[in-house]
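S.K.: Sharing a structure here in C-alpha cells format.
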Amino acid sequence: MEIVEYNNELLKIEFITSKIVRFHFSKDRIWKKNYSFCVNLEKFKEVDCEHREDNRAHYFLTSDLDIRIYKNPSKIQIYDRKGNLIISDYRDLGYVKKGNGIYSYKEMGREKAFLGFGERLGALNKKGKRIINWNTDEPNHEFERDPLYQSHPFFLAYSDLSYGLFYDSTAFSYFDMGFESKNYYYFFNQDDELDYYFIFGPSPKEVIENYTYLTGRCYMPPLWSLGLHQSRWSYDSEDKVYKIAELFRKKNIPCDALYLDIDYMEGYRVFTVNRKRFPNFEKMIGDLKKLGFKVVIIVDPGIKIDKKYKIYIEGLKEGLFCKKKTGEIFVGYVWPGKTVFPDFFKEKVRKWWGEKHKWFIDNGIYGFWNDMNEPSNFSKFDYYMMKLLFHVLHFKEPPDPFKAKNFEERIKQIKEKTLHQDVIHGDDEIFIHNKAHNVYGLMMTKSTFEGFREIKKEVRPFILSRAGFSGIQKYSAVWCGDNKSTWENLYSSIVTLQNLSISGVPFVGEDVGGFWRDCEKELFIRWIQLGVFYPFFRIHTAKNTRDQEPWSFGEEIEKIAKEYINLRYQLIPYIYSLFYEAKEKGIPLIRSFILEFQDEEVLSHEDEFMFGPFILVAPVYLRDKRERDMYLPKGFWFDFYTGKRYRGGSIIKVLAPLNRIPLFLREGSIIPMWDVQNYVGEKKQENLYLKIAPGEGRFLYYEDDGISWNYENGEFNLIEFYTFMKDGNQYLGIKFLKKGYESPIKKIIVKTFKNDFNFELKEGEFLIT
Ligand code: MIG
C-alpha cells in the first residue's frame with residue numbers, strides 16, 4: 001500500500017495482484033469508508049511493487065503494470081510493461097468533488113467498446129450511453145430502458161489491451177460513457193469517497209477472471225437446477241400443481257422444477273402456507289419429489305403489518321425492521337398491503353431470516369426465489385391501483401410507471417419509487433438508504449444462502465434473485481425480471497444476458513415465452529429454442545395471461561418444444577462442466593464473441609453468442625422468419641444438425657424452419673452429452689456421448705455427485721478430453737486430471753458427424769476416423 005498526494009486529497013493505492021490495483025481517494029484528507037459489500041479485502045495479500053519518485057511523478061511497477069501518478073497537475077496513467085498506454089485520467093479530473101457527489105473522468109483512448117455494467121437493456125456496446133446504478137422494479141423493458149433490478153458498477157473496456165473498472169460504491173451512481181463528449185467518459189457517484197479498482201486483462205477473459213477474483217464466483221449449482229423450470233404467477237392450488245407435474249411426466253417432457261408464486265402464501269404473508277389452496281402442502285412436496293420434481297417457492301422481503309402474524313410480531317419485538325432516522329419503523333405498500341422491511345444490514349436480522357426457511361427446507365424445499373428485493377415499494381395509490389387492475393380488471397400488464405422526459409426526471413422518478421431516502425440501515429455501522437439500496441437484495445440473498453447452509457449442510461441450495469449488486473453470483477442465480485411476450489424482448493434477452501455474463505454472473509436467464517401479455521405460438525417456440533442456451537432455463541408468465549406450458553400452443557409446437565428440451569437435458573454434462581470453469585475462473589457460459597475470437601468483426605454481431613467455447617447460437621428473433629443472416633467468426637464451423645462444413649469470416653444465410661434454431665459447432669468441438677431423461681437423477685447416466693467436430697480441441701469435463709458440498713473436499717473428477725490430427729486421421733485423447741469421485745460412466749460413445757465409436761473410460765489416445 002502506498003499513499004500519495006492527488007490535488008488536495010490523499011490517494012491510497014493497493015496492489016491486490018500485479019493486474020488489480022485499488023485507488024481509494026480520501027475526503028478532506030481522511031478515509032472513512034472501511035467496508036465493502038462485495039470485496040473481502042482480508043482475503044488478499046498485497047503483491048510487491050517497485051516505487052520510485054521524481055519531481056514530475058510517482059512511478060509504481062508491478063510485473064504487469066507501470067502506474068504513474070503525475071504531480072502537477074495530478075493525473076493517473078497506467079501503461080503495460082511494454083510502454084503502451086492503457087488508461088489515463090482526463091486532464092486533472094480523475095477526482096472531482098462537486099455538488100452532492102464525486103466525478104471521476106477518464107480519457108477516451110483506444111477503447112473500442114464498453115461492455116458489462118450488469119443487467120442492461122439496449123445495445124451490447126455502451127459507448128456513447130449513460131447508465132444508472134439504482135436497483136429498480138421496472139416492468140417496461142422497452143429498448144434502452146434503464147436501470148433494471150441490479151447494479152453492477154463495473155465495465156469491461158474492450159481493445160487490444162482490455163481492462164475493467166469496478167467502482168466499489170453502493171450509493172446512487174451513473175456512468176457517462178461518452179454521451180457528453182467524445183473525449184472522455186466519467187463515473188458519478190453520490191458517495192462520500194471514490195474507491196475503484198483498475199483491472200487489467202489484456203484479454204477480455206482475463207478481465208472477467210480478475211474481476212471475479214475480486215468480487216467472488218459462483219458455487220457448483222445443484223445439477224437439477226440445470227434442467228427445465230416451469231413457472232407461472234401462479235399455480236395457486238394443489239390441483240393445478242399436480243396437474244402440471246403429471247402432464248410433464250405423461251408427455252415425457254423433461255422438467256425438474258415447479259414454482260410456487262405469491263399465491264401459495266396466506267394473504268402474501270412470507271413463510272406461511274395458504275391451507276385452503278394447499279391443504280396437504282407437505283404431502284404435495286413429497287409426491288412431487290417421487291415424480292422427480294423440486295419445488296421452488298417465492299420469498300419476498302416485505303412483511304405484512306398484522307398484529308396476529310408471528311413473523312411481524314417477532315420482528316417488531318426484536319427490532320428487526322428498517323427504521324427512519326427518527327426511529328419510527330418505515331411502512332410501505334407491497335402485495336400484502338401495508339408492509340415493513342427486514343433490515344438485512346443487521347447480522348441478527350440475516351440470521352433470523354435465514355432460520356425462517358427451516359420448516360420449508362425440512363419439508364423438502366431446496367429452491368428459494370427472492371423477488372421484489374430492490375426493494376420494490378408501491379405507493380398507497382399504486383397499491384390499490386394494482387389490486388384493481390390485476391384482481392378485478394384482469395390486466396395482463398401494468399401501466400408504464402416511468403414515463404420520464406429526460407435523464408434527470410428519470411432519476412427523480414426511480415428514486416421516489418423506493419424506501420424513503422431517510423431510512424437508515426445496520427447497527428455497528430449505519431448506512432443511509434442511499435448507500436444501502438443497491439445492496440438490499442444482495443444482503444437478503446446472502447441471508448437466504450447462509451441460512452440454508454446452516455440448516456441443511458449436505459445439500460446445495462438453488463437460489464434465484466431479481467435484485468443484486470456486484471458479487472450476487474456468490475449466492476444466487478439471476479433472472480432479469482418482467483419482460484414481455486414480444487419479439488423485441490426475446491431479442492433484448494440475447495444482449496442483456498451477454499452483458500450480465502461479462503459482469504461475472506454466469507447463472508442467468510430470462511422468462512422464456514415472456515412475462516407480461518399473452519404469448520403466441522411462434523414466439524413461444526423461438527423462445528424455447530433460445531432458452532435451451534440460457535444457463536437458467538425457466539418458463540414463466542404473469543397473472544391473467546394465457547397458459548404457457550410446452551403443450552399450450554398445439555401439437556406441432558409441443559413436439560418441437562419437447563425436442564429442444566430433450567436437447568437441453570442431453571447437454572447437461574457440457575453445461576455442468578462449464579459451471580466448473582465459472583466457479584474456478586468466473587468465465588461465463590453465455591459468451592459474447594469478444595470473449596472467444598480476435599476477429600475484427602466480433603463487435604458487430606450482438607445477436608449471436610457462444611454457449612461455452614464450442615456452440616454458436618444464432619437465435620431467430622423475428623416473426624415469420626424461416627432463415628437468417630449470421631456471421632461465422634474466422635475458422636471452420638460445422639452445422640450442428642447436418643455436419644456441413646463452413647469456412648468462417650463472413651456473413652452467411654442459414655435456413656431456420658420453425659423446428660430449427662441455427663446452431664454451429666466450432667472446429668475441434670468436444671461436447672459431452674447424456675441420454676435424455678425426464679429429470680436429473682432419473683437414470684444413472686452410464687453412457688457419456690462426445691459429440692466431436694473435426695479439428696483440434698480440448699475440453700475439461702467435470703463430474704461430482706451433483707447435489708452435496710463434498711466437491712469442496714475433493715470429491716470430483718476432472719477429465720481432459722482432447723482431439724488432434726495425425727497423418728490425416730483424427731484422434732481422441734483421454735486424461736484424468738483428478739480422480740476424487742466414483743464415475744458412473746461405463747461407456748464413452750464418440751459421435752463424429754460420420755461415425756460412432758465406443759470406448760471404455762480409460763486414459764489413452766484413440767483413433768476416431
Ligand atoms: O409485482 O410474484 O418479477 O416474476 O411472478 C409483481 C409475482 C411481483 C414480479 C416478478 C414476477 C412474479 C411477480 N412479481
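Each chain of the C-alpha cells is named A, B, ... in the order shown, its residues numbered from 1; ligands are numbered from 1 in display order.
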Give me the residues near Tyr631 (chain A) as a list in words, where near means some atom within 7 Å (using only C-alpha atoms) and where sequence neighbours in that chain fewer than 5 positions away do not count.
M.R.: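 Once the adjacent positions are removed, what remains is Ser650, Ile651 and Ile652 of chain A.
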S.K.: Write out as JSON lines the residues of chain A that have any atom within 10 Å of an atom of ligand 1, one row each with the nearest atom pair and its distance in Å to one decimal, counting only C-alpha atoms and all ligand atoms, sorted by chain and then rising number.
M.R.:
```
{"residue": "A:Asp137", "atom": "CA", "partner": "ligand 1", "partner_atom_place_in_ligand_line": "3 (O)", "distance": 8.2}
{"residue": "A:Glu138", "atom": "CA", "partner": "ligand 1", "partner_atom_place_in_ligand_line": "3 (O)", "distance": 9.2}
{"residue": "A:Pro139", "atom": "CA", "partner": "ligand 1", "partner_atom_place_in_ligand_line": "3 (O)", "distance": 8.2}
{"residue": "A:Tyr149", "atom": "CA", "partner": "ligand 1", "partner_atom_place_in_ligand_line": "3 (O)", "distance": 9.6}
{"residue": "A:Ser231", "atom": "CA", "partner": "ligand 1", "partner_atom_place_in_ligand_line": "5 (O)", "distance": 8.4}
{"residue": "A:Arg232", "atom": "CA", "partner": "ligand 1", "partner_atom_place_in_ligand_line": "5 (O)", "distance": 6.5}
{"residue": "A:Trp233", "atom": "CA", "partner": "ligand 1", "partner_atom_place_in_ligand_line": "5 (O)", "distance": 4.6}
{"residue": "A:Ser234", "atom": "CA", "partner": "ligand 1", "partner_atom_place_in_ligand_line": "5 (O)", "distance": 7.2}
{"residue": "A:Tyr259", "atom": "CA", "partner": "ligand 1", "partner_atom_place_in_ligand_line": "5 (O)", "distance": 9.7}
{"residue": "A:Leu260", "atom": "CA", "partner": "ligand 1", "partner_atom_place_in_ligand_line": "2 (O)", "distance": 9.1}
{"residue": "A:Asp261", "atom": "CA", "partner": "ligand 1", "partner_atom_place_in_ligand_line": "2 (O)", "distance": 5.4}
{"residue": "A:Ile262", "atom": "CA", "partner": "ligand 1", "partner_atom_place_in_ligand_line": "2 (O)", "distance": 5.0}
{"residue": "A:Asp263", "atom": "CA", "partner": "ligand 1", "partner_atom_place_in_ligand_line": "2 (O)", "distance": 8.1}
{"residue": "A:Tyr268", "atom": "CA", "partner": "ligand 1", "partner_atom_place_in_ligand_line": "2 (O)", "distance": 9.5}
{"residue": "A:Ile298", "atom": "CA", "partner": "ligand 1", "partner_atom_place_in_ligand_line": "2 (O)", "distance": 7.2}
{"residue": "A:Val299", "atom": "CA", "partner": "ligand 1", "partner_atom_place_in_ligand_line": "2 (O)", "distance": 8.8}
{"residue": "A:Asp300", "atom": "CA", "partner": "ligand 1", "partner_atom_place_in_ligand_line": "2 (O)", "distance": 8.1}
{"residue": "A:Val334", "atom": "CA", "partner": "ligand 1", "partner_atom_place_in_ligand_line": "1 (O)", "distance": 8.1}
{"residue": "A:Trp335", "atom": "CA", "partner": "ligand 1", "partner_atom_place_in_ligand_line": "1 (O)", "distance": 7.3}
{"residue": "A:Trp369", "atom": "CA", "partner": "ligand 1", "partner_atom_place_in_ligand_line": "4 (O)", "distance": 9.2}
{"residue": "A:Asn370", "atom": "CA", "partner": "ligand 1", "partner_atom_place_in_ligand_line": "10 (C)", "distance": 9.1}
{"residue": "A:Asp371", "atom": "CA", "partner": "ligand 1", "partner_atom_place_in_ligand_line": "10 (C)", "distance": 5.9}
{"residue": "A:Met372", "atom": "CA", "partner": "ligand 1", "partner_atom_place_in_ligand_line": "9 (C)", "distance": 6.5}
{"residue": "A:Asn373", "atom": "CA", "partner": "ligand 1", "partner_atom_place_in_ligand_line": "9 (C)", "distance": 9.9}
{"residue": "A:Ser376", "atom": "CA", "partner": "ligand 1", "partner_atom_place_in_ligand_line": "1 (O)", "distance": 8.4}
{"residue": "A:Asn377", "atom": "CA", "partner": "ligand 1", "partner_atom_place_in_ligand_line": "1 (O)", "distance": 9.6}
{"residue": "A:Phe378", "atom": "CA", "partner": "ligand 1", "partner_atom_place_in_ligand_line": "1 (O)", "distance": 9.2}
{"residue": "A:Tyr383", "atom": "CA", "partner": "ligand 1", "partner_atom_place_in_ligand_line": "1 (O)", "distance": 9.9}
{"residue": "A:Met386", "atom": "CA", "partner": "ligand 1", "partner_atom_place_in_ligand_line": "1 (O)", "distance": 8.6}
{"residue": "A:Pro398", "atom": "CA", "partner": "ligand 1", "partner_atom_place_in_ligand_line": "1 (O)", "distance": 9.2}
{"residue": "A:Ser465", "atom": "CA", "partner": "ligand 1", "partner_atom_place_in_ligand_line": "3 (O)", "distance": 9.6}
{"residue": "A:Arg466", "atom": "CA", "partner": "ligand 1", "partner_atom_place_in_ligand_line": "3 (O)", "distance": 7.0}
{"residue": "A:Ala467", "atom": "CA", "partner": "ligand 1", "partner_atom_place_in_ligand_line": "3 (O)", "distance": 9.8}
{"residue": "A:Trp479", "atom": "CA", "partner": "ligand 1", "partner_atom_place_in_ligand_line": "3 (O)", "distance": 8.6}
{"residue": "A:Cys480", "atom": "CA", "partner": "ligand 1", "partner_atom_place_in_ligand_line": "3 (O)", "distance": 7.9}
{"residue": "A:Gly481", "atom": "CA", "partner": "ligand 1", "partner_atom_place_in_ligand_line": "3 (O)", "distance": 4.4}
{"residue": "A:Asp482", "atom": "CA", "partner": "ligand 1", "partner_atom_place_in_ligand_line": "3 (O)", "distance": 4.9}
{"residue": "A:Asn483", "atom": "CA", "partner": "ligand 1", "partner_atom_place_in_ligand_line": "3 (O)", "distance": 8.5}
{"residue": "A:Glu510", "atom": "CA", "partner": "ligand 1", "partner_atom_place_in_ligand_line": "4 (O)", "distance": 9.8}
{"residue": "A:Asp511", "atom": "CA", "partner": "ligand 1", "partner_atom_place_in_ligand_line": "4 (O)", "distance": 7.9}
{"residue": "A:Phe515", "atom": "CA", "partner": "ligand 1", "partner_atom_place_in_ligand_line": "4 (O)", "distance": 7.3}
{"residue": "A:Trp516", "atom": "CA", "partner": "ligand 1", "partner_atom_place_in_ligand_line": "11 (C)", "distance": 9.3}
{"residue": "A:His540", "atom": "CA", "partner": "ligand 1", "partner_atom_place_in_ligand_line": "4 (O)", "distance": 7.1}
{"residue": "A:Thr541", "atom": "CA", "partner": "ligand 1", "partner_atom_place_in_ligand_line": "5 (O)", "distance": 6.8}
{"residue": "A:Ala542", "atom": "CA", "partner": "ligand 1", "partner_atom_place_in_ligand_line": "5 (O)", "distance": 5.7}
{"residue": "A:Lys543", "atom": "CA", "partner": "ligand 1", "partner_atom_place_in_ligand_line": "5 (O)", "distance": 7.4}
```
S.K.: Ranking A:Asn434, A:Ser503, A:Ser88, A:Ser104 by minimum distance to His152 (chain A) and counting only C-alpha atoms, which one comes first?
M.R.: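 Closest to His152 (chain A), using only C-alpha atoms: A:Ser503.
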S.K.: Expressed in Å to a single decimal, how great is the separation between CA of Leu165 (chain A) and CA of Leu616 (chain A)?
M.R.: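 Those two atoms sit 28.6 Å apart.
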S.K.: As a ChimeraX atom specification, please: the residues near region 599-605 of chain A (cut-off 10 Å, only C-alpha atoms, same-chain neighbours under 6 positions excluded).
M.R.: /A:112-113,124-125,158,592-593,618,630-635,649-650
S.K.: Expressed in Å to a single decimal, how great is the separation between CA of Tyr103 (chain A) and CA of Lys126 (chain A)?
M.R.: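 Separation of CA of Tyr103 (chain A) and CA of Lys126 (chain A): 18.8 Å.
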S.K.: Which residues come within 10 Å of Tyr309 (chain A), counting only C-alpha atoms, excluding same-chain residues fewer than 4 positions away, as a list in words?
M.R.: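 The filter keeps Arg269, Val270, Thr272, Ile303, Lys304, Ile305, Ile313 and Glu314 of chain A.
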S.K.: What's the 8 Å shell around Asp66 (chain A), counting only C-alpha atoms, without same-chain residues fewer than 2 positions away, as a ChimeraX atom specification?
M.R.: /A:59-62,64,68,78-81,83
S.K.: Kindly save the residues from that selection, with C-alpha atoms included, as a PDB file, in the first residue's frame.
M.R.:
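Wrote it out as part20.pdb, contents follow:
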```
ATOM      1  CA  TYR A  59       6.127   5.515 -10.530  1.00  0.00           C
ATOM      2  CA  PHE A  60       4.853   2.134  -9.429  1.00  0.00           C
ATOM      3  CA  LEU A  61       5.883  -1.024 -11.199  1.00  0.00           C
ATOM      4  CA  THR A  62       4.226  -4.402 -10.794  1.00  0.00           C
ATOM      5  CA  ASP A  64       2.348  -6.334 -15.401  1.00  0.00           C
ATOM      6  CA  ARG A  68       2.331   6.841 -12.996  1.00  0.00           C
ATOM      7  CA  ILE A  78      -1.414   3.248 -16.427  1.00  0.00           C
ATOM      8  CA  TYR A  79       0.821   1.579 -19.005  1.00  0.00           C
ATOM      9  CA  ASP A  80       1.588  -2.036 -19.691  1.00  0.00           C
ATOM     10  CA  ARG A  81       5.199  -3.117 -19.239  1.00  0.00           C
ATOM     11  CA  GLY A  83       5.070   1.081 -22.619  1.00  0.00           C
TER      12      GLY A  83
END
```
